[in-house]
Amino acid sequence: MTDNRAARFLLPFAFGVAVIAIWEVIVSTFSIPIAILPAPSAIWAAIKGSGDILLVDWLQTVVRGALNGLWIGTSAGVVTAIAIDRFEFLRRGLLPVANFVAALPIVGVAPIMVMWFGFDWHSKAAVVTVMVFFPILVNTLAGLQDTDRMQRDLMLTYSANYWQTLAKLRLPAAMPFIFNGLKIAATLALIGAIVAEYFGSPTRGMGFRISTEVGRLGIDMVWAEIAVAALSGTALYGAVTLIERGVTFWHPSQRSGRKN
Amino acid sequence: MIRLRDSNIGPVLTVVFAIVVIWYVASFGMNRAWVMDQAARAGETPGFSEQLAGTMNQDRPVLPAPHQVASELYDGVFDKKITSKRSLVYHGFITLQATFWGFALGIVVGIGLAVIIVLNRAANLTLMPWAIISQTIPVVALAPMIVVLTNAMGADSLMVPKAIIAAYLSFFPVLVSMVKGLTSPDAMQLDLLRTYGASKSQVFWKLRMPASLPYFFASLKIAVAASLVGAIVGELPTGAIAGLGARMLIGSQFGNPMIMWSALFAAAILAAMLIWVVTGIEKAAARAMGGGAA
């Protein structure tokens with residue numbers, strides 16, 4: 001069990017280190033110009049050298065754009081799902097439509113949102129909101145259906161009203177579904193926020209920096225931004241997973257007492 | 001999976017109708033400011049019917065009315081020559097090509113990784129976390145670097161980087177489903193093959209591979225949608241001049257909402273067609289495998 005857990009961590013970690021080491025060696029042995037592919041050490045130097053710029057861009061894109069859009073879209077999706085769920089007719093009508101829309105390339109609304117909400121972070125948050133809304137809506141609706149007759153009957157015998165049943169039974173039961181939606185949403189949020197910056201942005205933000213630095217051949221700076229974006233994306237996903245573990249501790253998928 | 005059943009057609013049509021009505025009301029509300037502004041400059045006070053007429057056919061509306069988008073779409077699809085730079089078919093086809101190659105590459109990579117992961121426990125522990133991490137990295141940030149690298153390696157068109165970006169997004173659903181599918185045979189079935197004295201490769205080809213097919217086809221729908229998103233996103237930071245994503249960029253740069261909306265809907269229709277085709281393949285495969293499996 002313990003060395004299994006150690007292997008679970010060490011093997012992927014070693015793989016990551018090996019990739020970076022091979023990258024470094026290849027760049028230095030073939031002396032690949034920095035304008036094509038900078039070595040990891042050069043990228044690290046760029047990160048250390050321009051930490052303040054990276055921080056400003058990170059605040060603009062990740063915190064103001066992606067996170068705002070993420071919470072607005074998620075709450076809108078959950079609230080809409082609860083509202084729709086009360087009406088069988090609406091649910092049957094909206095679920096296929098929402099399922100269909102969730103499969104469409106919603107990133108395409110980016111230029112429209114930039115036109116409506118301007119260049120600053122509001123338009124980025126709007127794009128993220130729209131992108132996040134549908135996966136959350138679809139998953140929450142599916143989750144609210146995930147209680148069986150017996151459980152609902154039990155609530156009835158307790159003479160629980162609609163809101164009590166919702167708060168104590170149906171929403172908790174829906175949580176694993178909502179978190180599945182949130183995991184999809186977390187990866188979409190950064191894509192949405194960065195894509196929207198390609199359609200216009202103030203002179204800060206990760207998408208803005210990447211496109212201008214590509215033009216100036218500051219490729220090491222581009223990779224520094226990519227590293228920050230990658231870390232933010234992974235951290236966001238990891239945070240969602242951690243919160244999920246706390247909220248849905250009762251669910252079989254989280255109870256890993258003795259995995260085979 | 002939620003399927004569109006016959007009984008849902010009534011509610012679905014009602015919802016779609018309601019969306020169109022809300023859209024009309026919204027475009028009246030959002031475009032009205034411009035009409036009032038124009039009228040105020042001319043020193044007039046327009047009545048309701050004049051306001052309504054003024055909001056429904058603007059050249060640069062804040063929110064174009066549904067019929068405007070429909071006619072712009074019709075114009076872009078049927079009334080322009082396919083070779084014209086203003087034809088949506090021309091742009092759609094370019095995006096479709098990148099989607100297709102990205103989809104194919106994604107399937108190959110997804111299946112390949114799944115086979116390695118299922119056959120080798122160390123590979124499972126090593127590669128699976130990185131596959132998940134790869135999807136949490138926003139691929140749009142990587143996109144310009146993929147262009148630079150493929151350029152340096154001698155790819156002269158934008159098709160290669162776009163296909164790689166599309167594959168980056170589409171390999172993951174295939175990988176996850178294939179790992180699930182290849183490990184789906186239970187102990188009883190595996191034991192049976194052992195009593196037959198089957199070798200490891202026989203177990204793979206005669207049990208695991210067939211067992212995984214329903215999972216494989218189920219993942220294709222998600223993969224093809226992801227691939228299209230990748231192809232469109234890949235056109236944005238790469239300086240593409242053709243394709244639906246490039247069309248959106250042009251609409252944005254010229255401040256022309258009609259171009260943006262028609263490109264958005266063209267992309268949506270393309271996605272619907274791709275999903276429809278893949279669903280058809282999925283159903284045909286399920287029938288060929290004895291029906292009902294998927």
# chains A, B, ... in the order shown; residues from 1 in each chain; ligands from 1
call {"tool": "closest_atom_pairs", "arguments": {"of": "chain A", "to": "chain B", "cutoff": "7 Å", "atoms": "only C-alpha atoms", "output": "tab-separated table"}}
result
residue	atom	partner	partner_atom	distance
A:Arg8	CA	B:Leu125	CA	5.8
A:Leu11	CA	B:Thr126	CA	5.1
A:Pro12	CA	B:Thr126	CA	4.2
A:Phe15	CA	B:Thr126	CA	6.6
A:Ile36	CA	B:Leu149	CA	6.3
A:Phe89	CA	B:Pro11	CA	6.0
A:Leu90	CA	B:Pro11	CA	6.7
A:Arg92	CA	B:Asn8	CA	5.8
A:Gly93	CA	B:Val12	CA	3.9
A:Leu94	CA	B:Val15	CA	6.3
A:Pro96	CA	B:Leu4	CA	6.4
A:Val97	CA	B:Val12	CA	6.9
A:Ala103	CA	B:Ala225	CA	6.0
A:Leu104	CA	B:Ala268	CA	5.4
A:Pro105	CA	B:Val229	CA	5.3
A:Gly108	CA	B:Leu264	CA	5.3
A:Val109	CA	B:Leu264	CA	6.9
A:Pro111	CA	B:Ser252	CA	5.7
A:Ile112	CA	B:Met260	CA	6.9
A:Thr187	CA	B:Thr136	CA	5.1
A:Leu190	CA	B:Pro138	CA	6.0
A:Ile191	CA	B:Pro138	CA	5.1
A:Ile194	CA	B:Val140	CA	6.9
A:Val195	CA	B:Val140	CA	6.7
A:Tyr198	CA	B:Pro237	CA	6.7
A:Phe199	CA	B:Ser252	CA	6.6
A:Gly207	CA	B:Ala141	CA	6.9
A:Ser211	CA	B:Pro237	CA	6.8
A:Ile226	CA	B:Ala141	CA	5.8
A:Ala229	CA	B:Ile137	CA	6.6
A:Ala230	CA	B:Ile137	CA	4.4
A:Gly233	CA	B:Thr136	CA	4.9
A:Thr234	CA	B:Thr136	CA	5.3
A:Tyr237	CA	B:Thr136	CA	6.7
call {"tool": "write_last_selection", "arguments": {"atoms": "N, CA and C atoms", "output": "CSV table (one decimal), in the first residue's frame"}}
result
chain,number,residue,atom,x,y,z
A,8,ARG,N,2.8,5.8,-7.2
A,8,ARG,CA,1.8,6.6,-7.8
A,8,ARG,C,2.2,8.1,-8.0
A,11,LEU,N,6.5,7.9,-10.0
A,11,LEU,CA,6.6,7.5,-11.5
A,11,LEU,C,6.3,8.7,-12.4
A,12,PRO,N,5.1,9.3,-12.2
A,12,PRO,CA,4.8,10.5,-13.0
A,12,PRO,C,5.7,11.6,-12.8
A,15,PHE,N,8.8,10.9,-14.7
A,15,PHE,CA,8.6,11.1,-16.1
A,15,PHE,C,8.7,12.6,-16.5
A,36,ILE,N,13.2,29.4,-31.8
A,36,ILE,CA,12.4,28.2,-32.2
A,36,ILE,C,11.9,27.5,-30.9
A,89,PHE,N,-42.1,19.4,-18.0
A,89,PHE,CA,-42.2,19.8,-19.4
A,89,PHE,C,-40.9,20.6,-19.9
A,90,LEU,N,-40.5,21.5,-19.0
A,90,LEU,CA,-39.3,22.3,-19.3
A,90,LEU,C,-38.1,21.4,-19.4
A,92,ARG,N,-37.9,18.2,-20.0
A,92,ARG,CA,-37.8,17.4,-21.2
A,92,ARG,C,-37.5,18.2,-22.5
A,93,GLY,N,-37.9,19.5,-22.5
A,93,GLY,CA,-37.7,20.3,-23.6
A,93,GLY,C,-36.3,20.8,-23.6
A,94,LEU,N,-35.8,21.3,-22.5
A,94,LEU,CA,-34.5,22.0,-22.4
A,94,LEU,C,-33.3,21.0,-22.4
A,96,PRO,N,-32.5,18.1,-24.0
A,96,PRO,CA,-31.9,17.8,-25.3
A,96,PRO,C,-31.3,19.0,-25.9
A,97,VAL,N,-31.9,20.2,-25.8
A,97,VAL,CA,-31.4,21.4,-26.4
A,97,VAL,C,-30.0,21.7,-25.7
A,103,ALA,N,-22.4,20.6,-26.9
A,103,ALA,CA,-21.4,19.9,-27.8
A,103,ALA,C,-21.0,20.9,-28.9
A,104,LEU,N,-21.6,22.1,-29.0
A,104,LEU,CA,-21.2,23.0,-30.0
A,104,LEU,C,-19.9,23.8,-29.6
A,105,PRO,N,-19.2,24.3,-30.7
A,105,PRO,CA,-18.0,25.1,-30.3
A,105,PRO,C,-18.4,26.5,-29.8
A,108,GLY,N,-16.8,30.2,-30.1
A,108,GLY,CA,-17.2,31.2,-31.1
A,108,GLY,C,-17.9,32.4,-30.7
A,109,VAL,N,-18.4,32.4,-29.4
A,109,VAL,CA,-19.1,33.6,-29.0
A,109,VAL,C,-18.1,34.7,-28.5
A,111,PRO,N,-15.8,36.7,-30.0
A,111,PRO,CA,-15.8,38.0,-30.7
A,111,PRO,C,-17.1,38.8,-30.3
A,112,ILE,N,-18.2,38.1,-30.2
A,112,ILE,CA,-19.5,38.8,-29.9
A,112,ILE,C,-19.4,39.4,-28.5
A,187,THR,N,-11.4,23.3,-17.0
A,187,THR,CA,-10.5,23.3,-18.2
A,187,THR,C,-10.9,24.3,-19.2
A,190,LEU,N,-10.1,28.5,-18.6
A,190,LEU,CA,-8.8,29.2,-19.0
A,190,LEU,C,-8.8,29.3,-20.6
A,191,ILE,N,-9.3,28.3,-21.3
A,191,ILE,CA,-9.3,28.4,-22.7
A,191,ILE,C,-10.1,29.6,-23.2
A,194,ILE,N,-8.4,33.0,-22.4
A,194,ILE,CA,-7.3,33.3,-23.3
A,194,ILE,C,-7.8,33.6,-24.7
A,195,VAL,N,-8.7,32.8,-25.2
A,195,VAL,CA,-9.2,32.9,-26.5
A,195,VAL,C,-9.8,34.3,-26.7
A,198,TYR,N,-7.5,37.1,-27.7
A,198,TYR,CA,-7.1,37.2,-29.1
A,198,TYR,C,-8.0,38.1,-29.9
A,199,PHE,N,-9.2,38.4,-29.4
A,199,PHE,CA,-10.2,39.2,-30.1
A,199,PHE,C,-10.1,40.7,-29.6
A,207,GLY,N,-3.1,36.0,-23.0
A,207,GLY,CA,-3.3,35.8,-24.4
A,207,GLY,C,-2.7,37.0,-25.1
A,211,SER,N,0.5,36.7,-27.8
A,211,SER,CA,0.5,37.1,-29.2
A,211,SER,C,1.5,38.2,-29.5
A,226,ILE,N,3.2,30.2,-21.0
A,226,ILE,CA,2.6,28.9,-21.1
A,226,ILE,C,2.8,28.1,-19.8
A,229,ALA,N,0.3,29.4,-17.4
A,229,ALA,CA,-1.0,29.0,-17.8
A,229,ALA,C,-1.2,27.5,-17.4
A,230,ALA,N,-0.2,26.7,-17.7
A,230,ALA,CA,-0.3,25.2,-17.4
A,230,ALA,C,-0.4,25.0,-15.9
A,233,GLY,N,-3.9,26.1,-14.8
A,233,GLY,CA,-4.9,25.1,-15.2
A,233,GLY,C,-4.9,23.9,-14.3
A,234,THR,N,-3.7,23.4,-14.1
A,234,THR,CA,-3.6,22.2,-13.2
A,234,THR,C,-4.0,22.5,-11.8
A,237,TYR,N,-7.9,22.7,-11.6
A,237,TYR,CA,-8.4,21.4,-11.7
A,237,TYR,C,-8.2,20.6,-10.4
call {"tool": "closest_residue", "arguments": {"among": "A:Leu171, A:Ala7, A:Ile20, A:Ala160", "to": "Trp44 of chain A", "atoms": "only C-alpha atoms"}}
result
A:Ile20
call {"tool": "select_by_dssp", "arguments": {"residues": "segment 22-262 of chain B", "states": "helix (DSSP H, G or I)", "output": "count of residues only"}}
result
191
call {"tool": "closest_residue", "arguments": {"among": "A:Ala125, A:Ala227, A:Leu141, A:Ala167", "to": "Gly69 of chain A", "atoms": "only C-alpha atoms"}}
result
A:Ala125
